[in-house]
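Visitor: See upload34.txt below, with compact mmCIF, C-alpha atoms and all ligand atoms.
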```txt
# COMPACT_ATOMS: atom_id res chain seq x y z
CA MET A 1 6.29 8.27 -15.73
CA SER A 2 8.04 5.06 -14.77
CA TYR A 3 7.96 4.03 -11.14
CA LEU A 4 10.72 1.45 -11.26
CA ASP A 5 13.95 2.31 -13.01
CA LEU A 6 16.87 -0.07 -12.80
CA ASP A 7 20.14 0.57 -14.56
CA ASP A 8 22.71 -2.25 -14.68
CA VAL A 9 21.66 -3.47 -11.24
CA HIS A 10 23.51 -6.33 -9.59
CA VAL A 11 22.52 -8.07 -6.35
CA ARG A 12 24.94 -10.49 -4.72
CA LEU A 13 23.62 -12.51 -1.77
CA GLY A 14 26.15 -14.70 0.00
CA ASP A 15 28.28 -16.03 -2.82
CA THR A 16 25.49 -15.94 -5.41
CA ASP A 17 25.00 -13.28 -8.08
CA VAL A 18 21.22 -13.28 -7.85
CA LEU A 19 20.57 -10.33 -10.17
CA ARG A 20 23.11 -9.72 -12.90
CA GLY A 21 22.99 -6.45 -14.77
CA VAL A 22 19.25 -5.77 -14.73
CA THR A 23 18.11 -2.74 -16.67
CA CYS A 24 14.45 -1.86 -17.03
CA SER A 25 11.97 0.95 -16.80
CA LEU A 26 8.45 -0.02 -15.76
CA ASP A 27 5.51 2.33 -16.18
CA ALA A 28 2.41 0.15 -16.77
CA ARG A 29 -0.03 0.38 -13.86
CA THR A 30 0.03 -3.38 -13.32
CA VAL A 31 3.13 -5.46 -14.09
CA ALA A 32 3.50 -9.23 -13.67
CA VAL A 33 6.90 -10.77 -12.95
CA VAL A 34 7.18 -14.38 -14.10
CA GLY A 35 10.02 -16.87 -14.37
CA GLU A 36 11.33 -20.17 -13.08
CA ASN A 37 12.03 -20.99 -9.43
CA GLY A 38 15.23 -19.34 -8.32
CA SER A 39 15.43 -17.01 -11.34
CA GLY A 40 15.46 -13.88 -9.13
CA LYS A 41 11.83 -12.67 -9.09
CA SER A 42 11.53 -12.27 -5.32
CA THR A 43 14.89 -10.54 -5.19
CA LEU A 44 13.65 -8.09 -7.83
CA ALA A 45 10.48 -7.51 -5.77
CA ARG A 46 12.45 -7.02 -2.55
CA LEU A 47 14.79 -4.63 -4.34
CA ALA A 48 11.79 -2.57 -5.53
CA GLY A 49 10.39 -2.60 -2.00
CA GLY A 50 13.65 -1.35 -0.49
CA LEU A 51 14.11 -4.62 1.41
CA THR A 52 17.21 -5.73 -0.49
CA ARG A 53 20.07 -3.46 -1.48
CA ALA A 54 21.73 -3.40 -4.88
CA THR A 55 25.39 -4.39 -4.85
CA ALA A 56 25.97 -2.22 -7.94
CA GLY A 57 23.93 -0.14 -10.37
CA THR A 58 21.21 2.48 -9.99
CA VAL A 59 17.77 1.88 -8.48
CA ARG A 60 14.92 4.39 -8.48
CA VAL A 61 11.51 3.49 -7.07
CA LEU A 62 8.85 6.18 -7.51
CA GLY A 63 11.80 8.42 -8.29
CA LEU A 64 13.42 7.67 -4.91
CA ASP A 65 16.77 6.08 -4.19
CA PRO A 66 16.01 3.28 -1.65
CA ALA A 67 19.50 3.59 -0.18
CA ARG A 68 19.00 7.28 0.67
CA ASP A 69 15.22 7.68 0.99
CA ALA A 70 14.29 4.49 2.85
CA ALA A 71 11.80 6.17 5.19
CA ARG A 72 9.98 8.02 2.40
CA LEU A 73 9.90 4.86 0.32
CA ARG A 74 8.41 2.84 3.20
CA ARG A 75 5.58 5.36 3.43
CA ARG A 76 4.71 5.03 -0.25
CA VAL A 77 5.30 1.34 -0.96
CA ALA A 78 3.53 -1.68 0.53
CA VAL A 79 4.89 -5.20 0.19
CA VAL A 80 2.71 -8.32 0.53
CA PHE A 81 4.17 -11.84 0.66
CA SER A 82 2.69 -15.30 0.10
CA ASN A 83 2.67 -16.23 3.79
CA PRO A 84 0.47 -13.79 5.73
CA ASP A 85 1.62 -15.22 9.07
CA THR A 86 4.91 -13.38 8.61
CA GLN A 87 3.03 -10.06 8.32
CA ILE A 88 0.47 -10.28 11.09
CA VAL A 89 1.86 -8.68 14.23
CA MET A 90 -1.03 -7.60 16.46
CA PRO A 91 -3.41 -9.72 18.55
CA THR A 92 -6.69 -8.69 16.92
CA VAL A 93 -7.69 -8.02 13.34
CA ALA A 94 -8.56 -4.34 13.87
CA GLU A 95 -5.39 -3.71 15.89
CA ASP A 96 -3.32 -5.30 13.16
CA VAL A 97 -4.78 -2.98 10.50
CA ALA A 98 -4.35 0.05 12.80
CA PHE A 99 -0.70 -0.95 13.35
CA SER A 100 -0.04 -0.26 9.66
CA LEU A 101 -0.92 3.40 10.27
CA ARG A 102 1.34 3.81 13.32
CA SER A 103 3.90 6.00 11.58
CA ASP A 104 1.28 8.24 9.92
CA LYS A 105 0.51 9.94 13.25
CA LEU A 106 -3.15 10.46 12.37
CA PRO A 107 -5.66 11.81 14.88
CA ARG A 108 -7.31 8.85 16.60
CA GLN A 109 -10.75 9.45 15.00
CA GLU A 110 -9.29 9.63 11.51
CA ARG A 111 -7.22 6.49 12.13
CA ASP A 112 -10.29 4.58 13.39
CA ARG A 113 -12.34 5.78 10.42
CA ARG A 114 -9.71 4.57 7.96
CA VAL A 115 -9.37 1.22 9.73
CA ASP A 116 -13.17 0.69 9.69
CA GLU A 117 -13.40 1.63 6.04
CA ALA A 118 -10.57 -0.76 5.11
CA LEU A 119 -12.03 -3.62 7.18
CA ARG A 120 -15.35 -3.20 5.37
CA ARG A 121 -13.70 -3.05 1.96
CA PHE A 122 -11.79 -6.27 2.59
CA GLY A 123 -14.81 -8.09 4.06
CA LEU A 124 -13.26 -8.25 7.54
CA ALA A 125 -15.63 -5.99 9.50
CA ASP A 126 -17.40 -8.96 11.09
CA VAL A 127 -14.13 -10.39 12.42
CA ALA A 128 -12.60 -7.06 13.52
CA ASP A 129 -12.30 -8.15 17.16
CA ARG A 130 -11.21 -11.73 16.48
CA ALA A 131 -7.71 -12.98 17.24
CA SER A 132 -5.69 -12.43 14.06
CA HIS A 133 -4.04 -15.83 14.22
CA ASP A 134 -7.42 -17.61 14.42
CA LEU A 135 -8.40 -16.46 10.94
CA SER A 136 -8.42 -18.87 8.01
CA GLY A 137 -5.54 -18.68 5.54
CA GLY A 138 -7.70 -16.76 3.07
CA GLN A 139 -8.83 -14.27 5.71
CA LYS A 140 -5.23 -13.82 6.88
CA GLN A 141 -4.12 -12.90 3.38
CA LEU A 142 -7.04 -10.44 3.11
CA LEU A 143 -5.88 -9.00 6.45
CA ALA A 144 -2.34 -8.61 5.11
CA LEU A 145 -3.73 -6.82 2.06
CA CYS A 146 -6.01 -4.70 4.22
CA GLY A 147 -2.96 -3.59 6.25
CA ALA A 148 -1.15 -2.76 3.03
CA PHE A 149 -3.98 -0.81 1.41
CA VAL A 150 -5.07 1.13 4.52
CA ARG A 151 -1.87 3.13 4.10
CA ARG A 152 -2.97 4.17 0.60
CA PRO A 153 0.35 3.21 -1.00
CA ASP A 154 1.41 4.47 -4.40
CA LEU A 155 3.01 1.12 -5.21
CA VAL A 156 1.91 -2.35 -4.06
CA ILE A 157 4.44 -5.14 -4.47
CA ALA A 158 2.88 -8.57 -4.10
CA ASP A 159 5.12 -11.64 -4.08
CA GLU A 160 3.02 -14.72 -4.85
CA PRO A 161 0.09 -13.40 -2.79
CA THR A 162 -2.24 -16.21 -3.90
CA ALA A 163 0.20 -19.10 -3.52
CA TYR A 164 -1.51 -20.78 -0.54
CA LEU A 165 -5.11 -19.86 -1.30
CA ASP A 166 -8.02 -21.83 -2.71
CA ALA A 167 -9.52 -20.63 -5.98
CA ARG A 168 -12.19 -18.44 -4.39
CA ASN A 169 -9.82 -16.67 -2.00
CA ALA A 170 -7.20 -16.34 -4.71
CA ARG A 171 -9.79 -14.57 -6.86
CA ARG A 172 -10.81 -12.30 -3.97
CA VAL A 173 -7.20 -11.34 -3.26
CA ALA A 174 -6.51 -10.75 -6.95
CA ASP A 175 -9.63 -8.60 -7.31
CA HIS A 176 -8.40 -6.33 -4.52
CA LEU A 177 -4.95 -6.09 -6.05
CA PHE A 178 -6.40 -5.14 -9.41
CA ALA A 179 -9.15 -2.90 -8.02
CA ASP A 180 -9.37 0.58 -9.42
CA GLY A 181 -7.25 3.03 -7.54
CA ASP A 182 -4.20 5.16 -7.89
CA HIS A 183 -1.75 2.43 -6.86
CA LYS A 184 0.65 0.69 -9.19
CA LEU A 185 1.04 -3.06 -8.85
CA LEU A 186 4.15 -5.20 -9.24
CA LEU A 187 2.98 -8.80 -9.00
CA VAL A 188 5.32 -11.79 -8.76
CA THR A 189 3.36 -14.92 -9.64
CA HIS A 190 3.56 -18.46 -10.94
CA ASP A 191 -0.15 -18.21 -11.82
CA LEU A 192 0.07 -17.44 -15.52
CA ALA A 193 -3.67 -16.69 -15.84
CA LEU A 194 -3.26 -14.09 -13.09
CA ALA A 195 -0.17 -12.69 -14.82
CA GLN A 196 -2.31 -12.13 -17.90
CA ARG A 197 -4.61 -9.79 -15.96
CA CYS A 198 -1.69 -7.33 -15.82
CA GLU A 199 -1.07 -4.65 -18.40
CA SER A 200 2.56 -5.65 -18.85
CA ALA A 201 4.85 -8.51 -17.87
CA VAL A 202 8.51 -9.15 -17.20
CA LEU A 203 10.24 -12.50 -17.74
CA VAL A 204 13.11 -13.08 -15.33
CA LYS A 205 15.70 -15.68 -16.28
CA ASP A 206 18.94 -16.55 -14.48
CA GLY A 207 19.09 -13.22 -12.68
CA THR A 208 18.45 -11.13 -15.76
CA ILE A 209 15.38 -9.71 -17.48
CA ALA A 210 14.89 -11.82 -20.57
CA ALA A 211 11.88 -9.89 -21.91
CA VAL A 212 9.35 -7.17 -21.12
CA GLY A 213 6.09 -6.83 -23.03
CA PRO A 214 2.40 -7.65 -23.27
CA PRO A 215 1.55 -10.47 -20.81
CA ALA A 216 0.19 -12.81 -23.49
CA ALA A 217 3.45 -12.67 -25.44
CA ILE A 218 5.62 -12.97 -22.31
CA VAL A 219 3.63 -15.95 -21.02
CA GLU A 220 3.90 -17.63 -24.42
CA ALA A 221 7.67 -17.10 -24.45
CA TYR A 222 7.91 -18.45 -20.90
CA GLU A 223 5.82 -21.53 -21.69
CA GLU A 224 7.97 -22.26 -24.74
CA GLU A 225 11.04 -22.01 -22.52
CA LEU A 226 9.51 -24.38 -19.96
CA ALA A 227 8.70 -26.91 -22.69
CA CYS A 228 12.39 -27.12 -23.72
N1 LIG A 301 19.75 -14.44 1.28
C1 LIG A 301 20.22 -15.20 0.29
N2 LIG A 301 21.47 -15.69 0.32
C2 LIG A 301 21.97 -16.43 -0.68
N3 LIG A 301 21.26 -16.76 -1.80
C3 LIG A 301 20.00 -16.31 -1.87
C4 LIG A 301 19.40 -15.52 -0.84
N4 LIG A 301 18.14 -15.19 -1.22
C5 LIG A 301 17.96 -15.78 -2.42
N5 LIG A 301 19.07 -16.44 -2.80
C6 LIG A 301 19.24 -17.20 -4.05
O1 LIG A 301 18.94 -16.32 -5.11
C7 LIG A 301 18.32 -17.01 -6.18
C8 LIG A 301 17.05 -16.28 -6.56
O2 LIG A 301 16.14 -16.32 -5.48
P1 LIG A 301 14.70 -15.64 -5.57
O3 LIG A 301 14.00 -15.96 -4.30
O4 LIG A 301 14.84 -14.21 -5.96
O5 LIG A 301 14.07 -16.45 -6.78
P2 LIG A 301 12.56 -16.58 -7.27
O6 LIG A 301 12.59 -16.41 -8.76
O7 LIG A 301 11.69 -15.66 -6.52
O8 LIG A 301 12.24 -18.07 -6.90
P3 LIG A 301 10.86 -18.82 -6.53
O9 LIG A 301 10.01 -18.81 -7.75
O10 LIG A 301 11.32 -20.20 -6.18
O11 LIG A 301 10.26 -18.11 -5.36
C9 LIG A 301 18.09 -18.44 -5.69
O12 LIG A 301 19.12 -19.24 -6.20
C10 LIG A 301 18.21 -18.32 -4.20
O13 LIG A 301 18.70 -19.51 -3.63
```
Please, can you express the file's structure as C-alpha cells?

Guide:
Amino acid sequence: MSYLDLDDVHVRLGDTDVLRGVTCSLDARTVAVVGENGSGKSTLARLAGGLTRATAGTVRVLGLDPARDAARLRRRVAVVFSNPDTQIVMPTVAEDVAFSLRSDKLPRQERDRRVDEALRRFGLADVADRASHDLSGGQKQLLALCGAFVRRPDLVIADEPTAYLDARNARRVADHLFADGDHKLLLVTHDLALAQRCESAVLVKDGTIAAVGPPAAIVEAYEEELAC
C-alpha cells in the first residue's frame, strides 16, 4: 500500500508556486528524491512530514490527512534534516533521546530501556552523559537519527542527512537509514550514489515530478539534464 499519495498538489510560499500540480503514489520501502537546487525537494519532504501545508490538492501520508490528523501523523513520522543543531534540544545526549519519547507517556523504566537500546544501536552509549552540543558533527547527526528512530516511526523523512558529514560518518548515517526495519524511508539527497541505494527514485523539476522509477534510470535522466 502506498504511504504517500499526492493528487494535484500545489504549494505556494510567499509569492512563489513551489510545487505545481504534483501527483504521485509512492509505495517502495526506500525512495530517493533528487533534483536541482530550488526544484522543490525539501518542500515535498516537508509536505510529507506535515510541516508544510498544501495550498490545493489532496495529500495522504500513511493514509492520514496532515491537515486533519496532525497529531497522529507526528507520532508515526520522523523528520531528519541536514543540520542536526536545529534538532538537538536537551542538554545531554541521553536526555535529548528521551525527549523524543515525551509524548508517548511510557512508564519510566520502559522509556529508559528504549533510550539505552537506541543509544547502543547508534554507537552513542559511551557519550550518553555528554553535553549534546559538544559532540562532533557526525555524532550530532547520529544523535538526531537516534532521536528519530527511538520513536519507532513508520516513515522516516531525511532531508540531505549526510550533507555536512565526512565519508565515514555519511556511510554510518546511511547504514542506519537503510537498516532493516519496518520503517519506510523518503530520502532527499544530492548524493547520487546514495540515491541509488534506494528501491525507487523521484526526479523533481521546477516544482513538478518529472519522473518516478528505478534509481539508476532516474539518476541517468537527471545527469543528462544537468549536462544540458
Ligand atoms: N518559505 C518560503 N517562502 C518563499 N519561497 C520559498 C520558501 N521556502 C522555499 N521557497 C522557495 O521554493 C523553492 C524550492 O525550495 P526547496 O527548498 O523546496 O528546494 P530544494 O529542491 O530542496 O532545494 P535545495 O536542493 O537547494 O535544498 C526555492 O525557489 C525556494 O527559494

Visitor: Could the residues of chain A that have an atom at most 6 Å from ligand LIG 301 (chain A) be listed as a tab-separated table, each with its closest atom pair and the distance in Å to one decimal, counting all atoms listed in the file and ordered by chain and ascending residue number?

Guide:
```
residue	atom	partner	partner_atom	distance
A:Leu13	CA	A:LIG301	N2	4.4
A:Gly14	CA	A:LIG301	C2	4.6
A:Thr16	CA	A:LIG301	N3	5.6
A:Val18	CA	A:LIG301	O1	4.7
A:Glu36	CA	A:LIG301	O9	5.7
A:Asn37	CA	A:LIG301	O9	3.4
A:Gly38	CA	A:LIG301	O5	3.5
A:Ser39	CA	A:LIG301	O6	3.9
A:Gly40	CA	A:LIG301	O4	3.2
A:Lys41	CA	A:LIG301	O6	3.8
A:Ser42	CA	A:LIG301	O7	3.6
A:Thr43	CA	A:LIG301	O4	3.8
```

Visitor: What's the separation between CA of Val33 (chain A) and CA of Ser136 (chain A), in Å to one decimal place?

Guide: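 One can read the CA of Val33 (chain A) to CA of Ser136 (chain A) distance as 27.2 Å.
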
Visitor: Calculated over all atoms listed in the file, which of the candidates A:Ala32, A:Ala125, A:Ala78, A:Ile88 has the smallest distance to Glu199 (chain A)?

Guide: A:Ala32

Visitor: Hey, which of A:Lys140, A:Arg60, A:Arg114, A:Arg75 ends up closest to Val89 (chain A)? Count all atoms listed in the file.

Guide: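 Checking each candidate against Val89 (chain A), we get A:Lys140 as the closest.
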
Visitor: For region 208-216 of chain A, please output as number ranges by chain all residues within 7 Å (counting all atoms listed in the file; exclusion window: fewer than 2 positions along the same chain).

Guide: A: 19-22, 195-196, 198-206, 218-220

Visitor: Rank A:Val188, A:Leu6, A:Ala148, A:Val115 by their smallest atom-to-atom distance to Val93 (chain A), using all atoms listed in the file, and report the top residue only.

Guide: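 When distances to Val93 (chain A) are compared using all atoms listed in the file, the smallest one comes from A:Val115.
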
Visitor: Please compute the CA of Met1 (chain A)-CA of Asp154 (chain A) distance, one decimal, in Å.

Guide: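 Separation of CA of Met1 (chain A) and CA of Asp154 (chain A): 12.9 Å.
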
Visitor: Which of these, A:Ala28, A:Leu165, A:Ala56, A:Leu62, has the shortest distance to Asp5 (chain A) once you count all atoms listed in the file?

Guide: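 So, comparing all the options, the nearest one is A:Leu62.
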
Visitor: Using all atoms listed in the file, which of the listed residues (A:Leu145, A:Val80, A:Leu187, A:Leu135) sits closest to Arg172 (chain A)?

Guide: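 Closest to Arg172 (chain A) of all the choices is A:Leu145.
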
Visitor: Taking only C-alpha atoms into account, which of A:Pro84, A:Gly35, A:Pro91, A:Gly57 comes nearest Asp129 (chain A)?

Guide: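 So, comparing all the options, the nearest one is A:Pro91.
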
Visitor: Can you pull out the residues contacting Asp104 (chain A)? Cut-off 12 Å, using only C-alpha atoms, and skip same-chain residues under 5 positions away; I want them as a list in words.

Guide: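 Surrounding residues, per the criterion: Ala71, Arg72, Arg74, Arg75, Arg76, Ala98, Phe99, Glu110, Arg111, Arg114, Val150, Arg151 and Arg152 of chain A.
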
Visitor: Please build the interface table for region 3-58 of chain A against region 174-178 of chain A with a cut-off of 12 Å, listing for each qualifying residue the nearest atom pair and the distance in Å to one decimal; count all atoms listed in the file, order rows by chain and increasing number, and write it as JSON lines.

Guide:
```
{"residue": "A:Arg29", "atom": "CA", "partner": "A:Phe178", "partner_atom": "CA", "distance": 9.5}
{"residue": "A:Thr30", "atom": "CA", "partner": "A:Phe178", "partner_atom": "CA", "distance": 7.7}
{"residue": "A:Val31", "atom": "CA", "partner": "A:Phe178", "partner_atom": "CA", "distance": 10.6}
{"residue": "A:Ala32", "atom": "CA", "partner": "A:Phe178", "partner_atom": "CA", "distance": 11.5}
```

Visitor: Kindly save the residues from that selection, with C-alpha atoms included, as a PDB file, keeping the file's coordinate frame.

Guide:
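Result file result_2.pdb:
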```
ATOM      1  CA  ARG A  29      -0.030   0.380 -13.860  1.00  0.00           C
ATOM      2  CA  THR A  30       0.030  -3.380 -13.320  1.00  0.00           C
ATOM      3  CA  VAL A  31       3.130  -5.460 -14.090  1.00  0.00           C
ATOM      4  CA  ALA A  32       3.500  -9.230 -13.670  1.00  0.00           C
TER       5      ALA A  32
END
```

Visitor: Which distance in Å separates CA of Lys184 (chain A) and CA of Gly137 (chain A), to one decimal?

Guide: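 Separation of CA of Lys184 (chain A) and CA of Gly137 (chain A): 25.1 Å.
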
Visitor: Excluding Leu26 (chain A) and residues on its chain fewer than 6 positions from it, collect all residues at most 7 Å away from it, counting only C-alpha atoms, and give them as a PyMOL selection string.

Guide: chain A and resi 2-5

Visitor: Create the file for the chosen residues now, containing C-alpha atoms and written as a compact mmCIF listing (two decimals), in the coordinates of the input.

Guide:
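This is the output file result-v4.txt:
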```txt
# COMPACT_ATOMS: atom_id res chain seq x y z
CA SER A 2 8.04 5.06 -14.77
CA TYR A 3 7.96 4.03 -11.14
CA LEU A 4 10.72 1.45 -11.26
CA ASP A 5 13.95 2.31 -13.01
```
